[in-house]
Amino acid sequence: QVRVVESGGGSVEAGGSLRLSCSVSGDTGDDRVHLCMGWFRQSPGKEREAVGVVFTGDGVVKYADSLKGRFTISQDKPERSMYLQMDGLKPEDTAVYYCAARPAIFRCRLDSDFDYWGQGTQVNVSS
């Protein structure tokens, strides 16, 4: 069984920083050795939106245009760990942040479907 676990959420004042972590464990039952992993967020009353996605085969990251420059996604070895560094946080960044993953042989898109999801971690940014 595949398990996706996020950590690192919390409360911070506007302008502050937080770093979220995500790890994927378990056997996907898929021969594809790489993953697409993504960060998503959902604020109260809003639809879930993509923050960014990374293909673990080459580490290439795609970001939502609105978040470029403030958020940075990185991965670690083994290829099942991912991080989200959030700087210059704003109150509108308050949301539940989710990590997701799927087996992949190609880079994925921000609107790709993901098979496995974590429970989410809450980020609160106060003004």
# chains A, B, ... in the order shown; residues from 1 in each chain; ligands from 1
$ residues_around --residues "Ile105 (chain A)" --least-positions-apart "5" --cutoff "12 Å" --atoms "only C-alpha atoms" --output "PyMOL selection string"
chain A and resi 30-36+55-58
$ write_last_selection --atoms "N, CA, C and O atoms" --output "JSON list (two decimals), in the first residue's frame"
[["chain", "number", "residue", "atom", "x", "y", "z"],
["A", 30, "ASP", "N", 3.88, -0.82, -9.83],
["A", 30, "ASP", "CA", 4.08, -0.30, -11.18],
["A", 30, "ASP", "C", 5.57, -0.39, -11.49],
["A", 30, "ASP", "O", 6.40, -0.05, -10.66],
["A", 31, "ASP", "N", 5.89, -0.86, -12.70],
["A", 31, "ASP", "CA", 7.30, -1.02, -13.06],
["A", 31, "ASP", "C", 8.01, 0.31, -13.29],
["A", 31, "ASP", "O", 9.24, 0.35, -13.32],
["A", 32, "ARG", "N", 7.27, 1.36, -13.50],
["A", 32, "ARG", "CA", 7.91, 2.65, -13.74],
["A", 32, "ARG", "C", 8.64, 3.09, -12.47],
["A", 32, "ARG", "O", 8.05, 3.15, -11.39],
["A", 33, "VAL", "N", 9.92, 3.36, -12.59],
["A", 33, "VAL", "CA", 10.74, 3.60, -11.41],
["A", 33, "VAL", "C", 10.69, 5.03, -10.93],
["A", 33, "VAL", "O", 11.12, 5.32, -9.82],
["A", 34, "HIS", "N", 10.17, 5.92, -11.76],
["A", 34, "HIS", "CA", 10.13, 7.31, -11.35],
["A", 34, "HIS", "C", 8.72, 7.71, -10.94],
["A", 34, "HIS", "O", 7.75, 6.98, -11.16],
["A", 35, "LEU", "N", 8.64, 8.86, -10.34],
["A", 35, "LEU", "CA", 7.36, 9.41, -9.89],
["A", 35, "LEU", "C", 7.20, 10.83, -10.40],
["A", 35, "LEU", "O", 8.18, 11.54, -10.63],
["A", 36, "CYS", "N", 5.97, 11.20, -10.58],
["A", 36, "CYS", "CA", 5.63, 12.61, -10.58],
["A", 36, "CYS", "C", 5.11, 12.90, -9.18],
["A", 36, "CYS", "O", 4.27, 12.15, -8.66],
["A", 55, "PHE", "N", 9.14, 15.92, -11.72],
["A", 55, "PHE", "CA", 9.37, 14.59, -12.22],
["A", 55, "PHE", "C", 10.67, 14.11, -11.60],
["A", 55, "PHE", "O", 11.73, 14.71, -11.83],
["A", 56, "THR", "N", 10.61, 13.02, -10.82],
["A", 56, "THR", "CA", 11.80, 12.60, -10.09],
["A", 56, "THR", "C", 12.89, 12.05, -11.00],
["A", 56, "THR", "O", 14.02, 11.93, -10.59],
["A", 57, "GLY", "N", 12.55, 11.73, -12.25],
["A", 57, "GLY", "CA", 13.56, 11.20, -13.17],
["A", 57, "GLY", "C", 14.63, 12.21, -13.52],
["A", 57, "GLY", "O", 15.80, 11.83, -13.71],
["A", 58, "ASP", "N", 14.25, 13.49, -13.60],
["A", 58, "ASP", "CA", 15.25, 14.50, -13.95],
["A", 58, "ASP", "C", 15.19, 15.73, -13.04],
["A", 58, "ASP", "O", 15.98, 16.65, -13.20]]
$ residues_around --residues "Thr28 (chain A)" --least-positions-apart "3" --cutoff "8 Å" --atoms "only C-alpha atoms" --output "ChimeraX atom specification"
/A:1-2,103
$ closest_residue --among "A:Lys62, A:Arg102, A:Arg109, A:Lys90" --to "Ala14 (chain A)" --atoms "only C-alpha atoms"
A:Lys90
$ select_by_dssp --residues "chain A" --states "strand (DSSP E)" --output "number ranges by chain"
A: 3-7, 10-13, 18-25, 34-42, 49-55, 61-63, 71-76, 81-86, 95-104, 116-117, 121-126
$ select_by_dssp --residues "chain A" --states "helix (DSSP H, G or I)" --output "list in words"
Asp65, Ser66, Leu67, Pro91, Glu92 and Asp93 of chain A
$ closest_residue --among "A:Thr121, A:Glu47, A:Ser11, A:Ser17" --to "Val96 (chain A)" --atoms "only C-alpha atoms"
A:Thr121
$ residues_around --residues "Ser25 (chain A)" --least-positions-apart "4" --cutoff "12 Å" --atoms "only C-alpha atoms" --output "PyMOL selection string"
chain A and resi 1-6+29+35+78-81+100-102+116-118
$ closest_residue --among "A:Leu84, A:Val125, A:Cys22, A:Ile73" --to "Val54 (chain A)" --atoms "only C-alpha atoms"
A:Ile73
$ residues_around --residues "region 64-66 of chain A" --least-positions-apart "3" --cutoff "7 Å" --atoms "only C-alpha atoms" --output "NGL selection string"
:A and (50-52)
$ atom_distance --atom1 "CA of Gly69 (chain A)" --atom2 "CA of Val53 (chain A)"
14.9 Å
$ residues_around --residues "Leu20 (chain A)" --least-positions-apart "2" --cutoff "6 Å" --atoms "only C-alpha atoms" --output "number ranges by chain"
A: 7-8, 83-84
